[in-house]
Amino acid sequence: MRGTPARGGLLLAGALALLPAAPRGETALPPDETLVLDEALWGVDLPNAVGRLALAYDPEGAVLYHWGASAAAVLATPDGARHPTRAIALDAPRTDDAELLVDPGHRILVWADRHALRLRVIDLDAGAVAARLDGEAAPGGVDWTLDRANGWIWGADRARRTLTGWSPDLARSVTLPGLRRPARVQASPGGGELLIVDEAGFGRLLSYRTVDGSYREVCRFSPRAPVEAPPRQVGFLDNGDYVAATSAVAAFTPDCAARWRINTDLPVTAFLLRGDTILTLEAWTEKSPLGSARLFETRTGRPLAAAIPTRYGPRSIAWDPNRRRAFVGNDLDGSATIIDVEAGRAAGTLDLGHSVDAVLTDGLTGTRYLLDQLGGNTVYRWRPGELPEAWAALPAPFDAVLDEVGRTLVLASHLYPGVFRVDLDTGERLPTVDLDLPPNRGRAVGDLAVDPTLGLAAVAFPESGGVALADLRTGRQRWAVRLPWLAVGAGEAGRRASLALGRRRVYVAGGPRAAVAALGMNGEELVRTRWRAAPGAEPPPLLYDGVHDRLFLGGLVLDPDTLATRADLAPAGVERVIHAGRREVLALGRAGGADRFLVLDPDTLAVRRAAVLVGDHGPAPRPSWDAAGARLYLADPLGARVFAWDFAPR
C-alpha cells in the first residue's frame with residue numbers, strides 16, 4: 001500500500017522567503033528548500049485501465065486481464081479480488097485502442113495495438129513480456145485474432161491490404177496471398193480456420209484453412225445475402241455455421257443460407273459466441289451511457305433473457321468457460337460487469353481502475369474518506385491505524401464535502417438531482433434530499449458547496465443552468481432556480497460550474513460567457529459580472545474566505561458584495577486557492593510547465609513559500625487540506641494514489 005521515492009513519490013523543491021512583493025509583481029524564489037513526499041498513502045502503484053477497454057480471461061489461472069487507453073500496462077484481477085492486484089509493463093508507446101487475446105493452452109496472453117503492427121506476447125506463468133514486435137503505424141487500423149491450434153497471431157491490416165500471421169515467439173511470419181482489402185479476421189474456437197472479411201468491391205466473407213492454406217468463399221455481401229454489408233464482427237458457431245453483425249446479428253450456413261436474424265433496437269457493437277449462447281452488446285451514446293447486454297440461443301436466435309443492464313459505455317467481452325460467466329468491459333467508468341450466463345443476469349461489478357479524486361478528513365476522529373469515482377463509485381473509510389475499507393457506494397459521478405457540525409458526509413451526483421448524506425458516526429445512509437432540477441445528461445460537470453454552520457448545501461447543474469439549495473438539517477430543498485446564463489447544454493463537453501457558500505449567499509460561476517453571480521438565501525440573483533476569460537472557458541474553483549471576507553475565483557480576489565476584482569494573483573502563479581485561514585492561504589498554480597504549491601501571506605497575499613511538484617504524478621493533482629492535522633493531501637486520479645505533506649506554517 002505504500003510507495004517509495006523510486007515508485008512514484010513526489011519531490012517538492014522550492015523556497016522559503018518572506019517577500020514584500022505585491023501579488024501583481026513577479027516573485028523570484030531562490031531554491032533554498034527541498035521537501036520530499038516519499039510515500040504514497042493509498043493505491044498499489046497501478047495505472048488505471050479506463051477507456052477503450054480490452055479484456056481477456058485466463059480460465060486456468062482464474063485471472064481477468066484488462067487494458068485501457070490510459071494504461072501503459074496490462075492489469076490483472078484474480079477471481080475474488082475487486083481491484084487489480086498487479087501490472088505487467090508493456091514498454092510500448094501509448095495508444096488509444098488495443099486488443100487482448102488469450103491462449104490458455106499455450107499459456108500466452110497477447111496485447112495487440114490496433115493502430116500499428118505492434119505486439120507483446122506475455123508468458124502467463126511468468127507474468128512478463130516474453131516477445132515483442134514494434135512495426136509501423138497502420139492508419140486504417142488492424143484487426144487481430146489468435147489461432148489456438150498453434151498459438152499464431154493474425155492481423156488484418158485494411159490500410160496495407162495484408163493479412164499477416166506471426167508465430168508465438170514472433171520469430172516467424174507469413175503474409176497470405178489473394179486478399180484485396182482484409183478488414184476483419186476471426187479464428188475458429190478450436191483453431192485451424194480463419195474467417196476473413198475482405199472488403200474489396202461489395203465485400204466477401206472467406207474461410208482460410210491454416211493446415212493446407214486453402215481458401216473458400218462463404219458469402220458475398222449483397223441485399224439478398226444474410227449479411228447485406230461488410231460486418232463489424234464475424235464468428236463461428238459450434239454447429240459449423242457462421243454469424244456476423246452489422247446493424248443486426250445474422251446466422252448462416254457454410255453455403256450462405258440464412259438461419260436466423262436478430263434485429264436489435266440499437267446497433268450491436270460486440271458479441272461473444274460460446275456453445276449454445278450468443279451475448280451481444282448494444283451501442284451507447286454520451287447522452288445515454290448506460291448500456292445493456294442480451295443473450296440469444298445460437299440455434300434459433302431466440303432471446304434467452306431480458307436485457308441485462310451493464311454500467312457506463314460497454315464495449316468489450318471476455319469469457320470464463322469454466323463457470324459460464326462473461327465479463328463486459330465498461331469504457332466510461334473503468335469497470336467490468338459480471339454476467340451469469342446460465343441465470344441471464346448481472347452478478348456483480350469489478351473495479352478495473354482505481355481513482356482517488358479527493359481526500360476528506362474528519363477533524364474530530366482523524367478518519368479519512370477517499371473518493372473513488374471509477375467502477376463501483378465507492379467511498380473508502382480509512383481510520384487511524386487501520387487499512388481503508390469500502391464504506392459507501394453512491395450514484396456516479398459525485399463530489400463530496402464533510403459536514404463536521406452535522407456529522408455527515410454530503411455527496412452530489414452529476415447524473416441525479418439530489419443531495420446524498422451518510423452519517424459519519426454510524427455509516428447509515430440518510431434520506432436523499434431530492435432537488436427540483438433536471439439532471440445532467442451529457443458531459444457537463446457540476447459542483448457542490450456546504451456551509452456547516454448554517455447546515456446548507458448548494459448544488460449546480462450547468463447543463464440546464466440549475467442551482468439548488470438544500471437544508472441538511474431538515475432534509476428538504478429550500479429552493480431551486482434555473483439561470484439561463486449558466487446553461488451550457490447537453491452537447492457542451494467538459495463544461496463546469498463552480499460554487500461557494502458564505503455571507504448567507506450562494507456564489508456561482510460558469511456559463512458560456514464566463515460569468516459569476518451572487519444569489520440570496522431565497523434564490524434571487526443579487527449581482528452578476530464577468531471575469532476576464534475566453535467565451536466558454538471553464539470557471540476556476542470558488543472559495544469564500546470568511547476570516548478576511550473575500551471571495552477567490554481561481555487567482556482572482558473578488559469583493560463578496562459587488563464581485564469587483566480586488567487583486568489578481570495570476571502573476572504570482574496562483575491558479576486556485578484551496579484553503580484560507582488566519583495564518584496562511586494555500587494555493588496551487590503552474591510555472592514553467594510544472595505544478596506548484598504556494599503559501600501566501602493571509603493579509604498581503606504575497607508568496608511566502610513555494611514548492612515545485614516534481615515526480616511521476618498525473619496532471620493537476622487534486623488537493624485537499626486537513627486543517628486539524630495541518631496536512632496537505634494531493635490526490636493523483638490517474639495514478640490512483642494519495643500523497644500527504646505534514647505542513648507547518650512558518
# chains A, B, ... in the order shown; residues from 1 in each chain; ligands from 1

$ residues_around --residues "Arg478 of chain A" --least-positions-apart "3" --cutoff "7 Å" --atoms "only C-alpha atoms" --output "list of chain:residue names"
A:Leu469, A:Ala470, A:Asp471

$ residues_around --residues "Thr77 of chain A" --least-positions-apart "6" --cutoff "6 Å" --atoms "only C-alpha atoms" --output "ChimeraX atom specification"
/A:63-64,84-85

$ write_last_selection --atoms "C-alpha atoms" --output "PDB file, in the first residue's frame"
ATOM      1  CA  VAL A  63      -7.469 -14.194 -13.719  1.00  0.00           C
ATOM      2  CA  LEU A  64      -9.145 -11.403 -15.684  1.00  0.00           C
ATOM      3  CA  PRO A  84      -6.290  -5.085  -9.942  1.00  0.00           C
ATOM      4  CA  THR A  85      -3.542  -6.669  -7.867  1.00  0.00           C
TER       5      THR A  85
END

$ residues_around --residues "Thr269 of chain A" --least-positions-apart "3" --cutoff "10 Å" --atoms "only C-alpha atoms" --output "mmCIF file with N, CA and C atoms, in the first residue's frame"
data_model
loop_
_atom_site.group_PDB
_atom_site.id
_atom_site.type_symbol
_atom_site.label_atom_id
_atom_site.label_comp_id
_atom_site.auth_asym_id
_atom_site.auth_seq_id
_atom_site.Cartn_x
_atom_site.Cartn_y
_atom_site.Cartn_z
ATOM 1 N N ARG A 232 -19.208 -5.722 -38.858
ATOM 2 C CA ARG A 232 -18.254 -5.229 -37.870
ATOM 3 C C ARG A 232 -17.536 -6.375 -37.176
ATOM 4 N N GLN A 233 -18.215 -7.521 -37.076
ATOM 5 C CA GLN A 233 -17.639 -8.660 -36.383
ATOM 6 C C GLN A 233 -18.181 -9.939 -36.988
ATOM 7 N N ALA A 245 -22.307 -9.523 -37.519
ATOM 8 C CA ALA A 245 -23.078 -8.391 -37.008
ATOM 9 C C ALA A 245 -22.820 -7.165 -37.855
ATOM 10 N N THR A 246 -23.904 -6.583 -38.351
ATOM 11 C CA THR A 246 -23.861 -5.254 -38.981
ATOM 12 C C THR A 246 -24.751 -4.369 -38.110
ATOM 13 N N SER A 247 -25.913 -3.958 -38.627
ATOM 14 C CA SER A 247 -26.902 -3.292 -37.792
ATOM 15 C C SER A 247 -27.767 -4.320 -37.070
ATOM 16 N N ALA A 248 -27.583 -5.586 -37.396
ATOM 17 C CA ALA A 248 -28.289 -6.691 -36.757
ATOM 18 C C ALA A 248 -27.303 -7.847 -36.625
ATOM 19 N N LEU A 266 -30.814 -1.062 -31.133
ATOM 20 C CA LEU A 266 -29.600 -0.279 -31.337
ATOM 21 C C LEU A 266 -28.568 -1.149 -32.044
ATOM 22 N N THR A 280 -24.657 -10.297 -26.792
ATOM 23 C CA THR A 280 -24.451 -9.105 -27.615
ATOM 24 C C THR A 280 -24.424 -7.856 -26.735
ATOM 25 N N LEU A 281 -23.671 -6.852 -27.179
ATOM 26 C CA LEU A 281 -23.666 -5.531 -26.559
ATOM 27 C C LEU A 281 -24.256 -4.541 -27.545
ATOM 28 N N GLU A 282 -25.103 -3.666 -27.043
ATOM 29 C CA GLU A 282 -25.729 -2.673 -27.903
ATOM 30 C C GLU A 282 -25.007 -1.335 -27.788
ATOM 31 N N ALA A 283 -25.113 -0.531 -28.833
ATOM 32 C CA ALA A 283 -24.429 0.754 -28.883
ATOM 33 C C ALA A 283 -24.957 1.678 -27.786
ATOM 34 N N TRP A 284 -24.117 2.603 -27.367
ATOM 35 C CA TRP A 284 -24.497 3.596 -26.368
ATOM 36 C C TRP A 284 -24.020 4.966 -26.850
ATOM 37 N N PRO A 314 -20.405 0.139 -22.276
ATOM 38 C CA PRO A 314 -19.891 -1.219 -22.504
ATOM 39 C C PRO A 314 -19.309 -1.352 -23.904
ATOM 40 N N ARG A 315 -18.178 -2.070 -24.001
ATOM 41 C CA ARG A 315 -17.511 -2.161 -25.303
ATOM 42 C C ARG A 315 -16.929 -3.535 -25.591
ATOM 43 N N SER A 316 -16.390 -4.223 -24.588
ATOM 44 C CA SER A 316 -15.643 -5.459 -24.832
ATOM 45 C C SER A 316 -16.184 -6.581 -23.954
#

$ residues_around --residues "Asp91 of chain A" --least-positions-apart "2" --cutoff "8 Å" --atoms "only C-alpha atoms" --output "VMD selection string"
chain A and resid 72 to 73 89 93

$ residues_around --residues "segment 135-140 of chain A" --least-positions-apart "4" --cutoff "8 Å" --atoms "only C-alpha atoms" --output "PyMOL selection string"
chain A and resi 114-118+157-160

$ atom_distance --atom1 "atom CA of Gly203 of chain A" --atom2 "atom CA of Gly155 of chain A"
18.2 Å

$ residues_around --residues "segment 163-174 of chain A" --least-positions-apart "3" --cutoff "8 Å" --atoms "only C-alpha atoms" --output "PyMOL selection string"
chain A and resi 121+130-133+151-157+179+182

$ write_last_selection --atoms "C-alpha atoms" --output "mmCIF file, in the first residue's frame"
data_model
loop_
_atom_site.group_PDB
_atom_site.id
_atom_site.type_symbol
_atom_site.label_atom_id
_atom_site.label_comp_id
_atom_site.auth_asym_id
_atom_site.auth_seq_id
_atom_site.Cartn_x
_atom_site.Cartn_y
_atom_site.Cartn_z
ATOM 1 C CA VAL A 121 3.391 -11.721 -26.085
ATOM 2 C CA ALA A 130 8.315 -12.816 -23.484
ATOM 3 C CA ALA A 131 8.364 -11.482 -27.066
ATOM 4 C CA ARG A 132 7.752 -8.138 -28.743
ATOM 5 C CA LEU A 133 7.196 -6.669 -32.183
ATOM 6 C CA GLY A 151 -0.601 -20.006 -30.946
ATOM 7 C CA TRP A 152 -0.133 -17.953 -34.117
ATOM 8 C CA ILE A 153 -1.260 -14.324 -34.074
ATOM 9 C CA TRP A 154 -3.010 -12.915 -37.149
ATOM 10 C CA GLY A 155 -3.542 -9.287 -38.052
ATOM 11 C CA ALA A 156 -5.779 -7.946 -40.842
ATOM 12 C CA ASP A 157 -4.397 -4.577 -41.971
ATOM 13 C CA LEU A 179 -6.651 -10.741 -50.468
ATOM 14 C CA PRO A 182 -8.907 -7.619 -45.442
#

$ residues_around --residues "Asp340 of chain A" --least-positions-apart "6" --cutoff "12 Å" --atoms "only C-alpha atoms" --output "list in words"
Thr277, Leu279, Ala293, Arg294, Leu295, Ala305, Ile308, Trp319, Asp320, Pro321, Asn322, Arg323, Arg324, Arg325, Ala326, Phe327, Val328, Ala346, Ala347, Gly348 and Thr349 of chain A

$ select_by_dssp --residues "segment 293-512 of chain A" --states "strand (DSSP E)" --output "NGL selection string"
:A and (293-297 or 308-312 or 314-320 or 325-330 or 335-340 or 345-351 or 358-361 or 368-372 or 378-382 or 389-393 or 398-403 or 408-413 or 416-423 or 429-434 or 447-451 or 456-461 or 466-471 or 476-482 or 497-502 or 505-510)

$ atom_distance --atom1 "atom CA of Arg505 of chain A" --atom2 "atom CA of Tyr633 of chain A"
28.4 Å

$ atom_distance --atom1 "atom CA of Phe296 of chain A" --atom2 "atom CA of Ile278 of chain A"
5.1 Å
